[in-house]
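Shown below: query-v6.cif, with mmCIF, N, CA and C atoms.
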```cif
data_data
#
loop_
_atom_site.label_atom_id
_atom_site.label_comp_id
_atom_site.auth_asym_id
_atom_site.auth_seq_id
_atom_site.Cartn_x
_atom_site.Cartn_y
_atom_site.Cartn_z
N MET A 1 107.80 176.86 57.57
CA MET A 1 107.05 175.94 58.38
C MET A 1 107.92 175.50 59.56
N LEU A 2 107.37 175.60 60.76
CA LEU A 2 108.09 175.24 61.97
C LEU A 2 107.81 173.80 62.34
N ALA A 3 108.87 173.07 62.59
CA ALA A 3 108.75 171.70 63.10
C ALA A 3 109.05 171.74 64.58
N LEU A 4 108.16 171.16 65.37
CA LEU A 4 108.36 171.08 66.81
C LEU A 4 108.29 169.62 67.18
N ALA A 5 109.40 169.08 67.65
CA ALA A 5 109.44 167.67 68.02
C ALA A 5 109.54 167.56 69.53
N VAL A 6 108.47 167.03 70.13
CA VAL A 6 108.42 166.83 71.57
C VAL A 6 107.94 165.42 71.83
N ASN A 7 108.61 164.71 72.71
CA ASN A 7 108.22 163.36 73.08
C ASN A 7 107.07 163.47 74.09
N TYR A 8 105.90 162.94 73.75
CA TYR A 8 104.74 163.07 74.62
C TYR A 8 104.78 162.14 75.82
N LYS A 9 105.84 161.36 75.94
CA LYS A 9 106.07 160.60 77.17
C LYS A 9 106.86 161.46 78.16
N ALA A 10 107.31 162.62 77.70
CA ALA A 10 108.05 163.55 78.55
C ALA A 10 107.11 164.15 79.59
N PRO A 11 107.65 164.57 80.73
CA PRO A 11 106.81 165.19 81.75
C PRO A 11 106.08 166.42 81.21
N ARG A 12 104.82 166.56 81.58
CA ARG A 12 103.98 167.67 81.09
C ARG A 12 104.64 169.04 81.32
N PRO A 13 105.18 169.33 82.52
CA PRO A 13 105.79 170.67 82.70
C PRO A 13 106.93 170.93 81.72
N TRP A 14 107.69 169.89 81.39
CA TRP A 14 108.78 170.04 80.42
C TRP A 14 108.20 170.34 79.03
N ARG A 15 107.18 169.60 78.64
CA ARG A 15 106.56 169.84 77.33
C ARG A 15 106.02 171.25 77.24
N GLU A 16 105.37 171.71 78.29
CA GLU A 16 104.79 173.06 78.29
C GLU A 16 105.87 174.12 78.22
N LYS A 17 106.98 173.91 78.94
CA LYS A 17 108.10 174.86 78.91
C LYS A 17 108.69 174.94 77.51
N VAL A 18 108.86 173.78 76.86
CA VAL A 18 109.42 173.76 75.50
C VAL A 18 108.46 174.44 74.52
N ALA A 19 107.17 174.18 74.65
CA ALA A 19 106.20 174.80 73.75
C ALA A 19 106.20 176.33 73.90
N SER A 20 106.30 176.79 75.13
CA SER A 20 106.35 178.24 75.38
C SER A 20 107.64 178.83 74.81
N PHE A 21 108.75 178.14 74.98
CA PHE A 21 110.03 178.58 74.43
C PHE A 21 109.95 178.63 72.91
N ALA A 22 109.38 177.61 72.30
CA ALA A 22 109.24 177.56 70.84
C ALA A 22 108.39 178.73 70.33
N SER A 23 107.33 179.06 71.05
CA SER A 23 106.49 180.20 70.65
C SER A 23 107.27 181.51 70.71
N ALA A 24 108.07 181.68 71.76
CA ALA A 24 108.89 182.89 71.88
C ALA A 24 109.91 182.96 70.75
N LEU A 25 110.50 181.82 70.42
CA LEU A 25 111.46 181.77 69.32
C LEU A 25 110.79 182.11 67.99
N GLU A 26 109.59 181.59 67.80
CA GLU A 26 108.87 181.85 66.55
C GLU A 26 108.55 183.34 66.41
N ARG A 27 108.17 183.98 67.51
CA ARG A 27 107.91 185.42 67.46
C ARG A 27 109.20 186.19 67.16
N ALA A 28 110.31 185.75 67.72
CA ALA A 28 111.58 186.46 67.56
C ALA A 28 112.21 186.25 66.18
N PHE A 29 112.12 185.03 65.66
CA PHE A 29 112.83 184.70 64.42
C PHE A 29 111.94 184.56 63.20
N GLY A 30 110.63 184.47 63.41
CA GLY A 30 109.71 184.34 62.28
C GLY A 30 110.05 183.14 61.41
N PRO A 31 110.06 183.34 60.08
CA PRO A 31 110.28 182.22 59.17
C PRO A 31 111.70 181.63 59.22
N ARG A 32 112.63 182.31 59.89
CA ARG A 32 113.99 181.73 60.01
C ARG A 32 114.01 180.52 60.93
N LEU A 33 113.03 180.43 61.84
CA LEU A 33 112.98 179.29 62.76
C LEU A 33 112.46 178.09 62.00
N GLU A 34 113.31 177.07 61.84
CA GLU A 34 112.94 175.88 61.08
C GLU A 34 112.47 174.74 61.97
N ALA A 35 113.08 174.60 63.16
CA ALA A 35 112.71 173.48 64.02
C ALA A 35 113.15 173.73 65.45
N VAL A 36 112.40 173.11 66.36
CA VAL A 36 112.77 173.06 67.77
C VAL A 36 112.60 171.60 68.17
N VAL A 37 113.68 170.99 68.66
CA VAL A 37 113.64 169.57 69.04
C VAL A 37 114.06 169.47 70.50
N ALA A 38 113.17 168.92 71.32
CA ALA A 38 113.46 168.79 72.75
C ALA A 38 113.74 167.33 73.08
N LEU A 39 114.73 167.11 73.94
CA LEU A 39 114.98 165.77 74.44
C LEU A 39 113.84 165.39 75.40
N PRO A 40 113.64 164.11 75.64
CA PRO A 40 112.47 163.66 76.40
C PRO A 40 112.41 164.14 77.85
N ASP A 41 113.53 164.46 78.43
CA ASP A 41 113.55 164.85 79.84
C ASP A 41 114.48 166.04 79.99
N PRO A 42 114.15 167.00 80.84
CA PRO A 42 115.03 168.17 80.96
C PRO A 42 116.42 167.83 81.47
N GLU A 43 116.57 166.68 82.12
CA GLU A 43 117.88 166.26 82.62
C GLU A 43 118.74 165.60 81.54
N ASP A 44 118.13 165.16 80.43
CA ASP A 44 118.88 164.56 79.33
C ASP A 44 119.75 165.63 78.69
N ARG A 45 120.90 165.23 78.19
CA ARG A 45 121.80 166.17 77.52
C ARG A 45 122.41 165.51 76.29
N LEU A 46 122.51 166.28 75.25
CA LEU A 46 123.22 165.90 74.04
C LEU A 46 124.01 167.14 73.63
N TYR A 47 125.31 167.02 73.52
CA TYR A 47 126.18 168.18 73.27
C TYR A 47 125.93 169.26 74.33
N ASP A 48 125.75 168.83 75.58
CA ASP A 48 125.49 169.72 76.73
C ASP A 48 124.20 170.53 76.58
N SER A 49 123.26 170.04 75.80
CA SER A 49 122.00 170.75 75.56
C SER A 49 120.82 169.79 75.69
N ASN A 50 119.64 170.36 75.97
CA ASN A 50 118.43 169.54 76.01
C ASN A 50 117.39 169.98 74.98
N VAL A 51 117.67 171.05 74.25
CA VAL A 51 116.79 171.54 73.20
C VAL A 51 117.65 172.01 72.02
N LEU A 52 117.27 171.59 70.83
CA LEU A 52 117.94 172.03 69.62
C LEU A 52 117.08 173.09 68.93
N VAL A 53 117.69 174.21 68.58
CA VAL A 53 117.02 175.29 67.85
C VAL A 53 117.67 175.36 66.48
N VAL A 54 116.87 175.18 65.43
CA VAL A 54 117.39 175.16 64.07
C VAL A 54 116.91 176.41 63.34
N LEU A 55 117.86 177.20 62.84
CA LEU A 55 117.55 178.43 62.12
C LEU A 55 117.99 178.32 60.66
N ALA A 56 117.24 178.95 59.79
CA ALA A 56 117.61 179.02 58.37
C ALA A 56 118.76 180.01 58.22
N GLY A 57 119.67 179.68 57.32
CA GLY A 57 120.80 180.57 57.03
C GLY A 57 121.89 180.44 58.06
N PRO A 58 122.95 181.22 57.88
CA PRO A 58 124.06 181.16 58.83
C PRO A 58 123.60 181.65 60.21
N VAL A 59 124.13 181.03 61.25
CA VAL A 59 123.80 181.42 62.62
C VAL A 59 124.87 182.39 63.10
N THR A 60 124.41 183.54 63.59
CA THR A 60 125.33 184.60 64.02
C THR A 60 125.40 184.68 65.54
N LEU A 61 126.36 185.45 66.01
CA LEU A 61 126.48 185.71 67.44
C LEU A 61 125.21 186.40 67.95
N GLU A 62 124.66 187.27 67.15
CA GLU A 62 123.40 187.95 67.52
C GLU A 62 122.27 186.93 67.69
N ASP A 63 122.22 185.93 66.83
CA ASP A 63 121.20 184.87 66.96
C ASP A 63 121.35 184.15 68.30
N HIS A 64 122.60 183.81 68.64
CA HIS A 64 122.86 183.13 69.91
C HIS A 64 122.43 183.99 71.09
N SER A 65 122.72 185.28 71.00
CA SER A 65 122.34 186.21 72.08
C SER A 65 120.83 186.31 72.21
N ARG A 66 120.15 186.36 71.08
CA ARG A 66 118.69 186.46 71.12
C ARG A 66 118.07 185.20 71.71
N VAL A 67 118.57 184.03 71.31
CA VAL A 67 118.07 182.78 71.87
C VAL A 67 118.32 182.74 73.37
N ALA A 68 119.51 183.15 73.79
CA ALA A 68 119.86 183.15 75.22
C ALA A 68 118.91 184.04 76.01
N SER A 69 118.54 185.18 75.44
CA SER A 69 117.65 186.11 76.15
C SER A 69 116.23 185.55 76.30
N LEU A 70 115.86 184.59 75.46
CA LEU A 70 114.51 184.00 75.50
C LEU A 70 114.45 182.68 76.26
N THR A 71 115.62 182.17 76.64
CA THR A 71 115.70 180.83 77.20
C THR A 71 115.23 180.79 78.66
N PRO A 72 114.21 179.96 78.95
CA PRO A 72 113.75 179.84 80.33
C PRO A 72 114.69 178.96 81.16
N GLU A 73 114.57 179.06 82.45
CA GLU A 73 115.38 178.25 83.36
C GLU A 73 115.12 176.77 83.10
N GLY A 74 116.20 176.00 83.10
CA GLY A 74 116.09 174.56 82.88
C GLY A 74 116.22 174.15 81.42
N VAL A 75 116.21 175.12 80.52
CA VAL A 75 116.39 174.84 79.10
C VAL A 75 117.81 175.21 78.72
N SER A 76 118.49 174.28 78.07
CA SER A 76 119.87 174.50 77.64
C SER A 76 119.91 174.29 76.12
N PRO A 77 119.71 175.37 75.36
CA PRO A 77 119.60 175.21 73.91
C PRO A 77 120.94 175.12 73.17
N LEU A 78 120.90 174.39 72.08
CA LEU A 78 121.97 174.37 71.11
C LEU A 78 121.39 174.98 69.84
N VAL A 79 122.03 176.00 69.32
CA VAL A 79 121.54 176.70 68.13
C VAL A 79 122.38 176.28 66.94
N THR A 80 121.72 175.88 65.87
CA THR A 80 122.44 175.46 64.67
C THR A 80 121.66 175.87 63.43
N SER A 81 122.30 175.70 62.27
CA SER A 81 121.64 176.05 61.01
C SER A 81 120.92 174.82 60.44
N GLY A 82 120.02 175.07 59.54
CA GLY A 82 119.26 173.99 58.91
C GLY A 82 120.13 173.06 58.08
N ASP A 83 121.35 173.47 57.77
CA ASP A 83 122.27 172.63 57.01
C ASP A 83 122.93 171.56 57.87
N ASP A 84 122.83 171.69 59.19
CA ASP A 84 123.50 170.78 60.11
C ASP A 84 122.63 169.54 60.36
N MET A 85 122.54 168.70 59.35
CA MET A 85 121.68 167.52 59.43
C MET A 85 122.16 166.51 60.47
N ALA A 86 123.45 166.43 60.69
CA ALA A 86 123.98 165.46 61.66
C ALA A 86 123.48 165.76 63.06
N THR A 87 123.49 167.03 63.44
CA THR A 87 123.02 167.41 64.77
C THR A 87 121.51 167.22 64.88
N LEU A 88 120.79 167.60 63.86
CA LEU A 88 119.33 167.41 63.86
C LEU A 88 118.98 165.93 64.00
N GLU A 89 119.63 165.09 63.23
CA GLU A 89 119.37 163.64 63.32
C GLU A 89 119.73 163.09 64.68
N ALA A 90 120.83 163.57 65.26
CA ALA A 90 121.23 163.10 66.59
C ALA A 90 120.17 163.46 67.63
N PHE A 91 119.63 164.68 67.57
CA PHE A 91 118.59 165.07 68.51
C PHE A 91 117.31 164.27 68.29
N LEU A 92 116.96 164.04 67.05
CA LEU A 92 115.75 163.26 66.78
C LEU A 92 115.92 161.82 67.29
N LEU A 93 117.09 161.25 67.10
CA LEU A 93 117.34 159.91 67.64
C LEU A 93 117.32 159.92 69.16
N ALA A 94 117.85 160.99 69.75
CA ALA A 94 117.87 161.10 71.20
C ALA A 94 116.45 161.22 71.77
N GLY A 95 115.51 161.65 70.94
CA GLY A 95 114.11 161.70 71.37
C GLY A 95 113.60 160.33 71.74
N GLY A 96 114.27 159.31 71.23
CA GLY A 96 113.95 157.94 71.60
C GLY A 96 114.75 157.49 72.79
N ARG A 97 115.43 158.44 73.42
CA ARG A 97 116.22 158.26 74.63
C ARG A 97 117.54 157.53 74.37
N GLU A 98 117.93 157.36 73.11
CA GLU A 98 119.25 156.81 72.80
C GLU A 98 120.17 157.99 72.56
N LEU A 99 120.78 158.46 73.63
CA LEU A 99 121.64 159.62 73.52
C LEU A 99 122.97 159.22 72.91
N VAL A 100 123.46 160.02 72.01
CA VAL A 100 124.75 159.78 71.35
C VAL A 100 125.84 160.21 72.32
N ARG A 101 126.75 159.31 72.58
CA ARG A 101 127.86 159.63 73.47
C ARG A 101 128.91 160.42 72.71
N PRO A 102 129.68 161.25 73.44
CA PRO A 102 130.76 161.98 72.78
C PRO A 102 131.71 161.01 72.07
N ARG A 103 132.34 161.48 71.02
CA ARG A 103 133.23 160.66 70.19
C ARG A 103 134.29 159.95 71.03
N GLU A 104 134.86 160.64 72.05
CA GLU A 104 135.90 160.02 72.87
C GLU A 104 135.33 158.82 73.61
N GLU A 105 134.13 158.94 74.16
CA GLU A 105 133.53 157.83 74.88
C GLU A 105 133.24 156.65 73.95
N ARG A 106 132.76 156.94 72.74
CA ARG A 106 132.48 155.86 71.79
C ARG A 106 133.77 155.13 71.45
N GLY A 107 134.86 155.90 71.25
CA GLY A 107 136.15 155.29 70.92
C GLY A 107 136.66 154.41 72.05
N ARG A 108 136.54 154.90 73.30
CA ARG A 108 136.97 154.10 74.45
C ARG A 108 136.14 152.84 74.58
N ALA A 109 134.82 152.97 74.42
CA ALA A 109 133.94 151.81 74.54
C ALA A 109 134.28 150.77 73.47
N ARG A 110 134.55 151.25 72.25
CA ARG A 110 134.89 150.34 71.15
C ARG A 110 136.23 149.64 71.44
N ALA A 111 137.21 150.40 71.95
CA ALA A 111 138.52 149.83 72.25
C ALA A 111 138.42 148.81 73.38
N GLU A 112 137.60 149.09 74.39
CA GLU A 112 137.40 148.15 75.49
C GLU A 112 136.73 146.87 75.00
N ALA A 113 135.76 147.02 74.10
CA ALA A 113 135.06 145.85 73.57
C ALA A 113 136.02 144.98 72.74
N ASP A 114 136.88 145.65 71.96
CA ASP A 114 137.85 144.93 71.14
C ASP A 114 138.89 144.22 72.00
N ALA A 115 139.27 144.84 73.13
CA ALA A 115 140.29 144.27 74.02
C ALA A 115 139.72 143.12 74.86
N GLY A 116 138.42 143.18 75.15
CA GLY A 116 137.80 142.19 76.05
C GLY A 116 137.34 141.02 75.33
#
```
Could you express the structure from this file as structure tokens?
Amino acid sequence: MLALAVNYKAPRPWREKVASFASALERAFGPRLEAVVALPDPEDRLYDSNVLVVLAGPVTLEDHSRVASLTPEGVSPLVTSGDDMATLEAFLLAGGRELVRPREERGRARAEADAG
């Protein structure tokens, strides 16, 4: 079963691009495709990506190459396995526009708050 998470407050062209990308991925990967999660805006980034592609089983270099060959302009996918719950949860939370900052930024922000 494929899960497709798209924020319907996102711009229509972005939603349509993600839906088309998800369809291409489903044709290419079949039942291995577990989820596609898009951030609300194509300019949003989490781990330098705006779309998460979740595949069942180990992710191979061939999987990355196949995803890259299907990726439309403006889409920057991150490919991971279904076991990577931390990344999936981060993308789902980012769908609410609360993007997780890199660990270094969080540490600096925490240190600045403690010092101030």
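Proximity of A:Leu78, A:Asp63, A:Leu25, A:Arg32 to Val51 (chain A), computed with all atoms listed in the file, is greatest for A:Leu78.
One distance worth recording is that between CA of Pro13 (chain A) and atom C of Pro40 (chain A), which is 10.5 Å.
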* List the neighbours of Val59 (chain A) out to 7 Å using all atoms listed in the file; skip same-chain residues closer than 4 positions along the sequence, and give me the result as a VMD selection string. => chain A and resid 55 63 to 64 79 to 81
* Name every residue that the PyMOL selection byres (((chain A and resi 71 and name CA) around 10) and name CA) selects in this structure, writing the answer as a VMD selection string with chains first and numbers rising. => chain A and resid 17 to 18 20 to 22 24 to 25 65 to 70 72 to 77
Output N, CA and C atoms for every residue in the selection just made, as a CSV table (one decimal), in the frame of the given file.
```csv
chain,number,residue,atom,x,y,z
A,17,LYS,N,107.0,173.9,78.9
A,17,LYS,CA,108.1,174.9,78.9
A,17,LYS,C,108.7,174.9,77.5
A,18,VAL,N,108.9,173.8,76.9
A,18,VAL,CA,109.4,173.8,75.5
A,18,VAL,C,108.5,174.4,74.5
A,20,SER,N,106.3,176.8,75.1
A,20,SER,CA,106.4,178.2,75.4
A,20,SER,C,107.6,178.8,74.8
A,21,PHE,N,108.8,178.1,75.0
A,21,PHE,CA,110.0,178.6,74.4
A,21,PHE,C,110.0,178.6,72.9
A,22,ALA,N,109.4,177.6,72.3
A,22,ALA,CA,109.2,177.6,70.8
A,22,ALA,C,108.4,178.7,70.3
A,24,ALA,N,108.1,181.7,71.8
A,24,ALA,CA,108.9,182.9,71.9
A,24,ALA,C,109.9,183.0,70.8
A,25,LEU,N,110.5,181.8,70.4
A,25,LEU,CA,111.5,181.8,69.3
A,25,LEU,C,110.8,182.1,68.0
A,65,SER,N,122.7,185.3,71.0
A,65,SER,CA,122.3,186.2,72.1
A,65,SER,C,120.8,186.3,72.2
A,66,ARG,N,120.2,186.4,71.1
A,66,ARG,CA,118.7,186.5,71.1
A,66,ARG,C,118.1,185.2,71.7
A,67,VAL,N,118.6,184.0,71.3
A,67,VAL,CA,118.1,182.8,71.9
A,67,VAL,C,118.3,182.7,73.4
A,68,ALA,N,119.5,183.2,73.8
A,68,ALA,CA,119.9,183.2,75.2
A,68,ALA,C,118.9,184.0,76.0
A,69,SER,N,118.5,185.2,75.4
A,69,SER,CA,117.6,186.1,76.2
A,69,SER,C,116.2,185.6,76.3
A,70,LEU,N,115.9,184.6,75.5
A,70,LEU,CA,114.5,184.0,75.5
A,70,LEU,C,114.4,182.7,76.3
A,72,PRO,N,114.2,180.0,79.0
A,72,PRO,CA,113.8,179.8,80.3
A,72,PRO,C,114.7,179.0,81.2
A,73,GLU,N,114.6,179.1,82.4
A,73,GLU,CA,115.4,178.2,83.4
A,73,GLU,C,115.1,176.8,83.1
A,74,GLY,N,116.2,176.0,83.1
A,74,GLY,CA,116.1,174.6,82.9
A,74,GLY,C,116.2,174.2,81.4
A,75,VAL,N,116.2,175.1,80.5
A,75,VAL,CA,116.4,174.8,79.1
A,75,VAL,C,117.8,175.2,78.7
A,76,SER,N,118.5,174.3,78.1
A,76,SER,CA,119.9,174.5,77.6
A,76,SER,C,119.9,174.3,76.1
A,77,PRO,N,119.7,175.4,75.4
A,77,PRO,CA,119.6,175.2,73.9
A,77,PRO,C,120.9,175.1,73.2
```
* Given the choices A:Leu92, A:Ala38, A:Leu33, A:Ser23, which gets closest to Ala10 (chain A) if the distance is worked out from only C-alpha atoms? -> A:Ala38
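For the choices A:Glu62, A:Ala19, A:Trp14, A:Val54, the atom-to-atom distance to Pro42 (chain A) is smallest for A:Trp14 when using all atoms listed in the file.
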Those in region 30-100 of chain A with alpha helix (DSSP H) from DSSP, as a CSV table (one decimal) with N, CA and C atoms, in the coordinates of the input:
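Final output, saved to result.csv:
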```csv
chain,number,residue,atom,x,y,z
A,61,LEU,N,126.4,185.4,66.0
A,61,LEU,CA,126.5,185.7,67.4
A,61,LEU,C,125.2,186.4,68.0
A,62,GLU,N,124.7,187.3,67.2
A,62,GLU,CA,123.4,188.0,67.5
A,62,GLU,C,122.3,186.9,67.7
A,63,ASP,N,122.2,185.9,66.8
A,63,ASP,CA,121.2,184.9,67.0
A,63,ASP,C,121.4,184.2,68.3
A,64,HIS,N,122.6,183.8,68.6
A,64,HIS,CA,122.9,183.1,69.9
A,64,HIS,C,122.4,184.0,71.1
A,65,SER,N,122.7,185.3,71.0
A,65,SER,CA,122.3,186.2,72.1
A,65,SER,C,120.8,186.3,72.2
A,66,ARG,N,120.2,186.4,71.1
A,66,ARG,CA,118.7,186.5,71.1
A,66,ARG,C,118.1,185.2,71.7
A,67,VAL,N,118.6,184.0,71.3
A,67,VAL,CA,118.1,182.8,71.9
A,67,VAL,C,118.3,182.7,73.4
A,68,ALA,N,119.5,183.2,73.8
A,68,ALA,CA,119.9,183.2,75.2
A,68,ALA,C,118.9,184.0,76.0
A,69,SER,N,118.5,185.2,75.4
A,69,SER,CA,117.6,186.1,76.2
A,69,SER,C,116.2,185.6,76.3
A,70,LEU,N,115.9,184.6,75.5
A,70,LEU,CA,114.5,184.0,75.5
A,70,LEU,C,114.4,182.7,76.3
A,85,MET,N,122.5,168.7,59.4
A,85,MET,CA,121.7,167.5,59.4
A,85,MET,C,122.2,166.5,60.5
A,86,ALA,N,123.4,166.4,60.7
A,86,ALA,CA,124.0,165.5,61.7
A,86,ALA,C,123.5,165.8,63.1
A,87,THR,N,123.5,167.0,63.4
A,87,THR,CA,123.0,167.4,64.8
A,87,THR,C,121.5,167.2,64.9
A,88,LEU,N,120.8,167.6,63.9
A,88,LEU,CA,119.3,167.4,63.9
A,88,LEU,C,119.0,165.9,64.0
A,89,GLU,N,119.6,165.1,63.2
A,89,GLU,CA,119.4,163.6,63.3
A,89,GLU,C,119.7,163.1,64.7
A,90,ALA,N,120.8,163.6,65.3
A,90,ALA,CA,121.2,163.1,66.6
A,90,ALA,C,120.2,163.5,67.6
A,91,PHE,N,119.6,164.7,67.6
A,91,PHE,CA,118.6,165.1,68.5
A,91,PHE,C,117.3,164.3,68.3
A,92,LEU,N,117.0,164.0,67.0
A,92,LEU,CA,115.8,163.3,66.8
A,92,LEU,C,115.9,161.8,67.3
A,93,LEU,N,117.1,161.2,67.1
A,93,LEU,CA,117.3,159.9,67.6
A,93,LEU,C,117.3,159.9,69.2
A,94,ALA,N,117.8,161.0,69.8
A,94,ALA,CA,117.9,161.1,71.2
A,94,ALA,C,116.4,161.2,71.8
```
* To do: Would you kindly return, as number ranges by chain, each protein, DNA or RNA residue with an atom no farther than 8 Å from any atom of Ala94 (chain A), considering only N, CA and C atoms and excluding same-chain residues fewer than 6 positions away?
  => A: 38-41, 46, 88, 100
* Asked: Hey, which of A:Leu93, A:Val36, A:Ala86, A:Pro11 ends up closest to Leu52 (chain A)? Count only N, CA and C atoms.
  -> A:Val36
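Take CA of Arg45 (chain A) and CA of Arg12 (chain A): the distance between them is 18.2 Å.
Closest to Glu34 (chain A) among A:Asp48, A:Ala56, A:Asn7, A:Arg15 is A:Ala56, based on only C-alpha atoms.
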* Structure fact -> In Å and to one decimal, CA of Ala28 (chain A) is distant from atom C of Thr60 (chain A) by 14.1 Å
* Asked: Mind checking DSSP for region 13-51 of chain A and telling me the strand (DSSP E or B) residues as number ranges by chain?
  -> A: 33-38, 46, 49, 51
